[in-house]
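Asker: Dropping in upload02.cif, with mmCIF, C-alpha atoms and all ligand atoms.
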```cif
data_target
#
loop_
_atom_site.label_atom_id
_atom_site.label_comp_id
_atom_site.auth_asym_id
_atom_site.auth_seq_id
_atom_site.Cartn_x
_atom_site.Cartn_y
_atom_site.Cartn_z
CA MET A 1 25.35 -5.10 -5.24
CA ILE A 2 23.73 -1.71 -5.70
CA SER A 3 25.87 1.30 -6.70
CA LYS A 4 26.58 3.95 -4.09
CA THR A 5 24.85 6.60 -6.25
CA MET A 6 21.70 4.51 -6.64
CA GLN A 7 21.72 3.58 -2.95
CA ASP A 8 21.98 7.24 -1.88
CA ALA A 9 19.18 8.24 -4.26
CA ILE A 10 16.87 5.50 -2.95
CA ASN A 11 17.72 6.40 0.65
CA LYS A 12 16.55 9.94 -0.11
CA GLN A 13 13.33 8.51 -1.52
CA ILE A 14 12.75 6.47 1.68
CA THR A 15 12.74 9.72 3.67
CA ARG A 16 10.40 11.32 1.12
CA GLU A 17 7.95 8.43 1.37
CA PHE A 18 7.95 8.73 5.17
CA TYR A 19 7.40 12.46 4.77
CA SER A 20 4.41 11.67 2.52
CA SER A 21 3.06 9.41 5.23
CA TYR A 22 3.52 12.19 7.80
CA LEU A 23 1.86 14.78 5.54
CA TYR A 24 -1.20 12.55 5.06
CA LEU A 25 -1.36 11.90 8.80
CA SER A 26 -1.51 15.67 9.29
CA MET A 27 -4.34 15.81 6.75
CA ALA A 28 -6.13 12.98 8.60
CA ALA A 29 -5.85 15.07 11.78
CA TYR A 30 -7.40 18.05 9.94
CA PHE A 31 -10.33 15.92 8.77
CA GLU A 32 -10.82 14.44 12.26
CA ASP A 33 -10.96 18.00 13.57
CA LEU A 34 -13.63 18.86 10.97
CA SER A 35 -15.66 15.76 11.98
CA LEU A 36 -15.29 14.19 8.55
CA PRO A 37 -14.34 10.64 9.63
CA GLY A 38 -14.57 9.21 6.11
CA PHE A 39 -12.08 11.71 4.68
CA ALA A 40 -9.89 11.02 7.71
CA GLN A 41 -10.11 7.26 7.08
CA TRP A 42 -9.12 7.76 3.43
CA MET A 43 -6.05 9.68 4.62
CA ARG A 44 -5.25 7.06 7.30
CA VAL A 45 -5.10 4.44 4.53
CA GLN A 46 -2.86 6.78 2.55
CA VAL A 47 -0.57 7.02 5.60
CA GLN A 48 -0.20 3.22 5.64
CA GLU A 49 0.41 3.09 1.89
CA GLU A 50 3.19 5.68 2.02
CA SER A 51 4.89 3.94 4.90
CA ALA A 52 4.62 0.70 2.86
CA HIS A 53 6.29 2.49 -0.08
CA ALA A 54 9.16 3.48 2.20
CA MET A 55 9.48 -0.11 3.43
CA ILE A 56 9.54 -1.47 -0.14
CA PHE A 57 12.59 0.71 -0.84
CA PHE A 58 14.05 -0.16 2.59
CA ASN A 59 13.79 -3.91 1.88
CA TYR A 60 15.15 -3.41 -1.61
CA ILE A 61 18.36 -1.71 -0.41
CA CYS A 62 18.86 -4.54 2.12
CA ASP A 63 18.27 -7.20 -0.56
CA ARG A 64 20.85 -5.57 -2.83
CA GLY A 65 23.52 -5.52 -0.12
CA GLY A 66 23.29 -1.77 0.49
CA ARG A 67 22.95 0.23 3.70
CA VAL A 68 19.76 2.06 4.61
CA VAL A 69 20.37 5.55 6.01
CA LEU A 70 17.33 7.42 7.29
CA GLY A 71 17.15 11.20 6.94
CA ALA A 72 15.23 13.82 8.94
CA ILE A 73 11.52 14.23 8.27
CA ASP A 74 10.27 17.82 7.93
CA GLN A 75 7.17 19.06 9.72
CA PRO A 76 4.21 18.81 7.32
CA ASP A 77 1.56 21.51 6.70
CA ILE A 78 -0.85 21.60 9.62
CA GLU A 79 -3.48 24.08 8.45
CA PHE A 80 -5.74 23.73 5.41
CA LYS A 81 -8.50 25.90 4.00
CA SER A 82 -11.01 23.21 2.99
CA PRO A 83 -11.27 19.56 1.91
CA LEU A 84 -10.67 20.77 -1.66
CA ASP A 85 -7.51 22.58 -0.55
CA VAL A 86 -6.28 19.34 1.08
CA PHE A 87 -6.75 17.33 -2.12
CA GLU A 88 -5.21 20.03 -4.30
CA LYS A 89 -2.17 19.93 -2.02
CA THR A 90 -2.22 16.12 -2.14
CA LEU A 91 -2.19 16.14 -5.95
CA GLU A 92 0.58 18.72 -6.00
CA HIS A 93 2.62 16.56 -3.62
CA GLU A 94 2.02 13.39 -5.63
CA GLN A 95 3.13 15.18 -8.82
CA LYS A 96 6.39 15.94 -7.04
CA VAL A 97 6.72 12.30 -6.00
CA THR A 98 6.11 11.23 -9.61
CA ALA A 99 8.95 13.51 -10.72
CA TRP A 100 11.26 11.95 -8.08
CA ILE A 101 10.34 8.42 -9.16
CA ASN A 102 11.07 9.42 -12.76
CA GLU A 103 14.47 10.79 -11.71
CA LEU A 104 15.27 7.49 -9.98
CA MET A 105 14.24 5.66 -13.15
CA ASP A 106 16.47 7.95 -15.26
CA LEU A 107 19.38 7.08 -12.97
CA ALA A 108 18.64 3.33 -13.09
CA ILE A 109 18.55 3.50 -16.90
CA LYS A 110 21.79 5.46 -16.99
CA GLU A 111 23.47 2.87 -14.74
CA ASN A 112 22.01 -0.11 -16.64
CA ASP A 113 20.62 -1.23 -13.28
CA HIS A 114 17.92 -3.63 -14.46
CA ALA A 115 16.87 -4.76 -10.97
CA THR A 116 16.17 -1.19 -9.87
CA ARG A 117 14.33 -0.51 -13.11
CA SER A 118 12.11 -3.50 -12.44
CA LEU A 119 11.31 -2.27 -8.93
CA LEU A 120 10.67 1.27 -10.16
CA ASN A 121 8.22 0.06 -12.82
CA TRP A 122 5.82 -0.76 -9.99
CA PHE A 123 6.22 2.77 -8.61
CA VAL A 124 5.70 4.38 -12.02
CA ASP A 125 2.33 2.58 -12.30
CA GLU A 126 1.48 3.38 -8.69
CA GLN A 127 1.99 7.11 -9.32
CA VAL A 128 -0.46 7.03 -12.24
CA GLU A 129 -3.05 5.62 -9.84
CA GLU A 130 -2.24 8.11 -7.05
CA GLU A 131 -2.69 11.11 -9.34
CA ALA A 132 -5.85 9.65 -10.89
CA ASN A 133 -7.41 9.11 -7.44
CA ASP A 134 -6.63 12.68 -6.41
CA ASN A 135 -7.98 14.09 -9.68
CA THR A 136 -11.24 12.18 -9.25
CA ILE A 137 -11.71 13.41 -5.68
CA ILE A 138 -10.91 17.00 -6.69
CA ALA A 139 -13.46 16.82 -9.52
CA ARG A 140 -16.13 15.43 -7.18
CA LEU A 141 -15.46 18.14 -4.57
CA LYS A 142 -15.67 20.87 -7.20
CA MET A 143 -18.96 19.44 -8.52
CA MET A 144 -20.58 19.45 -5.10
CA GLY A 145 -19.37 22.97 -4.27
CA LYS A 146 -21.00 24.06 -1.03
CA ASP A 147 -23.58 21.25 -0.98
CA MET A 148 -23.12 19.90 2.56
CA SER A 149 -25.35 16.85 2.09
CA GLY A 150 -23.19 15.91 -0.90
CA LEU A 151 -20.10 16.32 1.26
CA PHE A 152 -21.47 14.07 4.01
CA GLN A 153 -22.47 11.45 1.44
CA PHE A 154 -18.97 11.60 -0.07
CA ASP A 155 -17.50 11.30 3.43
CA LYS A 156 -19.33 7.98 3.83
CA GLU A 157 -18.04 6.79 0.49
CA LEU A 158 -14.41 7.66 1.27
CA GLY A 159 -14.75 6.02 4.70
CA ALA A 160 -15.15 2.63 2.99
CA ARG A 161 -11.53 2.66 1.86
CA VAL A 162 -9.46 -0.17 3.33
CA TYR A 163 -5.73 -0.70 3.34
CA ASN A 164 -4.31 -3.47 1.17
CA VAL A 165 -0.64 -4.32 1.56
CA PRO A 166 1.03 -3.31 -1.74
CA ALA A 167 2.15 -6.34 -3.77
CA PRO A 168 5.94 -5.81 -3.50
CA LEU A 169 5.67 -5.59 0.30
CA ALA A 170 3.16 -8.44 0.64
CA ALA A 171 5.65 -10.64 -1.20
CA LYS A 172 8.20 -10.00 1.58
CA GLN A 173 5.88 -10.70 4.49
CA PRO A 174 5.75 -14.07 6.20
CA THR A 175 2.44 -15.80 5.55
CA ALA A 176 0.41 -17.49 8.27
CA ALA A 177 0.74 -21.27 8.32
MG MG B 1 4.38 7.00 -2.22
#
```
Go ahead and express the file in the form of structure tokens.

Answerer:
Amino acid sequence: MISKTMQDAINKQITREFYSSYLYLSMAAYFEDLSLPGFAQWMRVQVQEESAHAMIFFNYICDRGGRVVLGAIDQPDIEFKSPLDVFEKTLEHEQKVTAWINELMDLAIKENDHATRSLLNWFVDEQVEEEANDNTIIARLKMMGKDMSGLFQFDKELGARVYNVPAPLAAKQPTAA
């Protein structure tokens, strides 16, 4: 059984992951509006990943005999200055998420909750990847500056991104016979 404190903290994180999903959906809408379908596709995959993160925590609370309580989701930003601005905001947001995951880990350590620590290890690694992806995209956008042909080429590249069900969620899904 999960402690009430840990359960409440993870419930908060479920809402934050759904907020992340909503924020990236708003960014996808911005890119669709700019006619950058590849950037939009990259964000659509991000939307699915964040909702998967929320569901990993959702399933975990259920597995540990806790009760999931969903909070309100704030309205995300709707206006952005440029693709670079979007990815700078994405990185900033992911750094916040990393700090929240670290806080959850601190709590799990304090409570000697080994099961939650094990789950959170996956998220700690995931955050390293999220920030690295954003940093790479920011660097590429800065390099190309105002080169539109570079931007369209990059749009094609980002459009190749496909969604893969994250391992902890895939493990919970029924497999086809
Ligand atoms: Mg996430």

Asker: Would you pick out the contacts of Leu91 in chain A at 10 Å or less, using all atoms listed in the file, so that residues sharing its chain but fewer than 5 positions from it are not included, and give the list as a ChimeraX atom specification?

Answerer: /A:85-86,96-97,130-135,137-138

Asker: Using all atoms listed in the file, which protein or nucleic acid residues are at most 6 Å from ligand MG 1 (chain B), as JSON, numbers by chain?

Answerer: {"A": [17, 50, 53]}

Asker: Return the single residue from A:Asp74, A:Glu49, A:Asp113, A:Asp63 that is closest to Leu23 in chain A, with distances computed using all atoms listed in the file.

Answerer: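 Nearest candidate to Leu23 in chain A out of A:Asp74, A:Glu49, A:Asp113, A:Asp63: A:Asp74.
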
Asker: Within 10 Å of (-5.1, 22.5, 15.0) (coordinates as in the file), grab all the protein and nucleic acid residues, counting only C-alpha atoms, and write them out as number ranges by chain.

Answerer: A: 26, 29-30, 33, 78-80

Asker: Set up a box along x, y and z of the file covering all listed atoms of range 160-166 of chain A, add 8 Å on every one of the six sides, and write the centre and edge lengths in Å to one decimal, as AutoDock Vina command-line options.

Answerer:
```
--center_x -7.1 --center_y -0.8 --center_z 0.8 --size_x 32.2 --size_y 23.0 --size_z 21.1
```

Asker: If I take CA of Met6 in chain A and CA of Ser118 in chain A, how far is one from the other in Å, to one decimal?

Answerer: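 Calculated distance between CA of Met6 in chain A and CA of Ser118 in chain A is 13.8 Å.
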
Asker: Report, in Å to a single decimal, how far apart CA of Pro76 in chain A and CA of Phe31 in chain A are.

Answerer: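 Rounded to one decimal, the two atoms are 14.9 Å apart.
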
Asker: Which protein, DNA or RNA residues have an atom at most 6 Å from (8.5, -4.7, 1.1), counting only C-alpha atoms? List them as a list of chain:residue names.

Answerer: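 It turns out the residues near that spot are A:Met55, A:Ile56, A:Asn59, A:Pro168, A:Leu169, A:Lys172.
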
Asker: What does the distance between CA of Trp42 in chain A and CA of Glu103 in chain A come to in Å, to one decimal place?

Answerer: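 Going from CA of Trp42 in chain A over to CA of Glu103 in chain A covers 28.2 Å.
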
Asker: So, with only C-alpha atoms as the atoms that count, which of A:Val165, A:Ala160, A:Ala54, A:Ile101 lies closest to Phe123 in chain A?

Answerer: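 Ranking A:Val165, A:Ala160, A:Ala54, A:Ile101 by distance to Phe123 in chain A, first place goes to A:Ile101.
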
Asker: Of the residues A:Leu70, A:Tyr60, A:Val47, A:Pro166, which is the one nearest to Arg117 in chain A, using only C-alpha atoms?

Answerer: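 Using only C-alpha atoms, the shortest distance to Arg117 in chain A belongs to A:Tyr60.
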
Asker: For each of A:Glu32, A:Gly159, A:Ser20, A:Pro174, take the minimum atom-to-atom distance to Glu92 in chain A, counting all atoms listed in the file, then give the residue where this is smallest.

Answerer: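 Ranked by minimum distance to Glu92 in chain A, first place goes to A:Ser20.
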
Asker: Taking into account all atoms listed in the file, which residue in the set A:Ser82, A:Gln41, A:Thr90, A:Gln13 is nearest to Phe58 in chain A?

Answerer: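 Ranking A:Ser82, A:Gln41, A:Thr90, A:Gln13 by distance to Phe58 in chain A, first place goes to A:Gln13.
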
Asker: Which one is closest to Met1 in chain A: A:Leu104, A:Arg140, A:Gly65, A:Ser51? Count all atoms listed in the file.

Answerer: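 So, comparing all the options, the nearest one is A:Gly65.
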
Asker: Counting all atoms listed in the file, what is within 8 Å of Tyr24 in chain A, bar same-chain residues fewer than 5 positions away, as a list in words?

Answerer: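 Once the nearby chain positions are removed, what remains is Met43, Arg44, Gln46 and Val47 of chain A.
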
Asker: Could you please fill out range 20-31 of chain A with all heavy atoms and send it back as a PDB file, keeping the file's coordinate frame?

Answerer:
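Wrote rebuild.pdb, looks like this:
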```
ATOM      1  N   SER A  20       5.750  11.767   3.103  1.00  0.00           N
ATOM      2  CA  SER A  20       4.410  11.670   2.520  1.00  0.00           C
ATOM      3  C   SER A  20       3.439  11.107   3.543  1.00  0.00           C
ATOM      4  O   SER A  20       2.324  11.616   3.733  1.00  0.00           O
ATOM      5  CB  SER A  20       4.401  10.765   1.276  1.00  0.00           C
ATOM      6  OG  SER A  20       5.321  11.230   0.320  1.00  0.00           O
ATOM      7  N   SER A  21       3.876  10.049   4.213  1.00  0.00           N
ATOM      8  CA  SER A  21       3.060   9.410   5.230  1.00  0.00           C
ATOM      9  C   SER A  21       2.696  10.422   6.340  1.00  0.00           C
ATOM     10  O   SER A  21       1.546  10.516   6.770  1.00  0.00           O
ATOM     11  CB  SER A  21       3.851   8.237   5.807  1.00  0.00           C
ATOM     12  OG  SER A  21       3.080   7.494   6.692  1.00  0.00           O
ATOM     13  N   TYR A  22       3.678  11.192   6.736  1.00  0.00           N
ATOM     14  CA  TYR A  22       3.520  12.190   7.800  1.00  0.00           C
ATOM     15  C   TYR A  22       2.584  13.326   7.351  1.00  0.00           C
ATOM     16  O   TYR A  22       1.742  13.792   8.106  1.00  0.00           O
ATOM     17  CB  TYR A  22       4.913  12.729   8.116  1.00  0.00           C
ATOM     18  CG  TYR A  22       5.161  13.154   9.538  1.00  0.00           C
ATOM     19  CD1 TYR A  22       4.676  12.435  10.628  1.00  0.00           C
ATOM     20  CD2 TYR A  22       5.922  14.293   9.797  1.00  0.00           C
ATOM     21  CE1 TYR A  22       4.933  12.840  11.923  1.00  0.00           C
ATOM     22  CE2 TYR A  22       6.178  14.700  11.093  1.00  0.00           C
ATOM     23  CZ  TYR A  22       5.686  13.969  12.149  1.00  0.00           C
ATOM     24  OH  TYR A  22       5.940  14.383  13.427  1.00  0.00           O
ATOM     25  N   LEU A  23       2.735  13.741   6.094  1.00  0.00           N
ATOM     26  CA  LEU A  23       1.860  14.780   5.540  1.00  0.00           C
ATOM     27  C   LEU A  23       0.403  14.310   5.542  1.00  0.00           C
ATOM     28  O   LEU A  23      -0.500  15.047   5.935  1.00  0.00           O
ATOM     29  CB  LEU A  23       2.309  15.114   4.102  1.00  0.00           C
ATOM     30  CG  LEU A  23       1.411  16.052   3.295  1.00  0.00           C
ATOM     31  CD1 LEU A  23       1.349  17.452   3.916  1.00  0.00           C
ATOM     32  CD2 LEU A  23       1.895  16.159   1.841  1.00  0.00           C
ATOM     33  N   TYR A  24       0.178  13.054   5.121  1.00  0.00           N
ATOM     34  CA  TYR A  24      -1.200  12.550   5.060  1.00  0.00           C
ATOM     35  C   TYR A  24      -1.764  12.332   6.461  1.00  0.00           C
ATOM     36  O   TYR A  24      -2.966  12.464   6.668  1.00  0.00           O
ATOM     37  CB  TYR A  24      -1.263  11.287   4.189  1.00  0.00           C
ATOM     38  CG  TYR A  24      -0.879  11.586   2.746  1.00  0.00           C
ATOM     39  CD1 TYR A  24      -0.092  10.714   1.995  1.00  0.00           C
ATOM     40  CD2 TYR A  24      -1.291  12.778   2.158  1.00  0.00           C
ATOM     41  CE1 TYR A  24       0.270  11.026   0.690  1.00  0.00           C
ATOM     42  CE2 TYR A  24      -0.929  13.097   0.856  1.00  0.00           C
ATOM     43  CZ  TYR A  24      -0.146  12.221   0.125  1.00  0.00           C
ATOM     44  OH  TYR A  24       0.207  12.537  -1.159  1.00  0.00           O
ATOM     45  N   LEU A  25      -0.897  12.031   7.416  1.00  0.00           N
ATOM     46  CA  LEU A  25      -1.360  11.900   8.800  1.00  0.00           C
ATOM     47  C   LEU A  25      -1.819  13.268   9.321  1.00  0.00           C
ATOM     48  O   LEU A  25      -2.815  13.372  10.039  1.00  0.00           O
ATOM     49  CB  LEU A  25      -0.232  11.335   9.677  1.00  0.00           C
ATOM     50  CG  LEU A  25      -0.616  10.926  11.105  1.00  0.00           C
ATOM     51  CD1 LEU A  25      -1.742   9.892  11.118  1.00  0.00           C
ATOM     52  CD2 LEU A  25       0.603  10.399  11.853  1.00  0.00           C
ATOM     53  N   SER A  26      -1.121  14.321   8.911  1.00  0.00           N
ATOM     54  CA  SER A  26      -1.510  15.670   9.290  1.00  0.00           C
ATOM     55  C   SER A  26      -2.854  16.036   8.652  1.00  0.00           C
ATOM     56  O   SER A  26      -3.697  16.695   9.272  1.00  0.00           O
ATOM     57  CB  SER A  26      -0.416  16.655   8.840  1.00  0.00           C
ATOM     58  OG  SER A  26      -0.692  17.945   9.317  1.00  0.00           O
ATOM     59  N   MET A  27      -3.058  15.569   7.424  1.00  0.00           N
ATOM     60  CA  MET A  27      -4.340  15.810   6.750  1.00  0.00           C
ATOM     61  C   MET A  27      -5.454  15.010   7.420  1.00  0.00           C
ATOM     62  O   MET A  27      -6.580  15.499   7.563  1.00  0.00           O
ATOM     63  CB  MET A  27      -4.216  15.451   5.268  1.00  0.00           C
ATOM     64  CG  MET A  27      -3.326  16.424   4.491  1.00  0.00           C
ATOM     65  SD  MET A  27      -2.979  15.833   2.820  1.00  0.00           S
ATOM     66  CE  MET A  27      -2.204  17.305   2.088  1.00  0.00           C
ATOM     67  N   ALA A  28      -5.141  13.799   7.866  1.00  0.00           N
ATOM     68  CA  ALA A  28      -6.130  12.980   8.600  1.00  0.00           C
ATOM     69  C   ALA A  28      -6.535  13.719   9.877  1.00  0.00           C
ATOM     70  O   ALA A  28      -7.716  13.755  10.235  1.00  0.00           O
ATOM     71  CB  ALA A  28      -5.552  11.607   8.927  1.00  0.00           C
ATOM     72  N   ALA A  29      -5.563  14.330  10.548  1.00  0.00           N
ATOM     73  CA  ALA A  29      -5.850  15.070  11.780  1.00  0.00           C
ATOM     74  C   ALA A  29      -6.781  16.250  11.491  1.00  0.00           C
ATOM     75  O   ALA A  29      -7.710  16.531  12.253  1.00  0.00           O
ATOM     76  CB  ALA A  29      -4.544  15.571  12.403  1.00  0.00           C
ATOM     77  N   TYR A  30      -6.541  16.923  10.347  1.00  0.00           N
ATOM     78  CA  TYR A  30      -7.400  18.050   9.940  1.00  0.00           C
ATOM     79  C   TYR A  30      -8.835  17.563   9.732  1.00  0.00           C
ATOM     80  O   TYR A  30      -9.792  18.184  10.204  1.00  0.00           O
ATOM     81  CB  TYR A  30      -6.819  18.680   8.669  1.00  0.00           C
ATOM     82  CG  TYR A  30      -7.733  19.671   7.987  1.00  0.00           C
ATOM     83  CD1 TYR A  30      -7.866  20.973   8.473  1.00  0.00           C
ATOM     84  CD2 TYR A  30      -8.460  19.311   6.857  1.00  0.00           C
ATOM     85  CE1 TYR A  30      -8.713  21.883   7.848  1.00  0.00           C
ATOM     86  CE2 TYR A  30      -9.300  20.212   6.223  1.00  0.00           C
ATOM     87  CZ  TYR A  30      -9.429  21.497   6.717  1.00  0.00           C
ATOM     88  OH  TYR A  30     -10.260  22.386   6.098  1.00  0.00           O
ATOM     89  N   PHE A  31      -8.982  16.430   9.039  1.00  0.00           N
ATOM     90  CA  PHE A  31     -10.330  15.920   8.770  1.00  0.00           C
ATOM     91  C   PHE A  31     -11.013  15.439  10.053  1.00  0.00           C
ATOM     92  O   PHE A  31     -12.222  15.602  10.212  1.00  0.00           O
ATOM     93  CB  PHE A  31     -10.281  14.786   7.734  1.00  0.00           C
ATOM     94  CG  PHE A  31     -10.066  15.285   6.328  1.00  0.00           C
ATOM     95  CD1 PHE A  31      -9.054  14.756   5.530  1.00  0.00           C
ATOM     96  CD2 PHE A  31     -10.882  16.275   5.797  1.00  0.00           C
ATOM     97  CE1 PHE A  31      -8.858  15.208   4.229  1.00  0.00           C
ATOM     98  CE2 PHE A  31     -10.697  16.737   4.488  1.00  0.00           C
ATOM     99  CZ  PHE A  31      -9.679  16.199   3.704  1.00  0.00           C
TER     100      PHE A  31
END
```
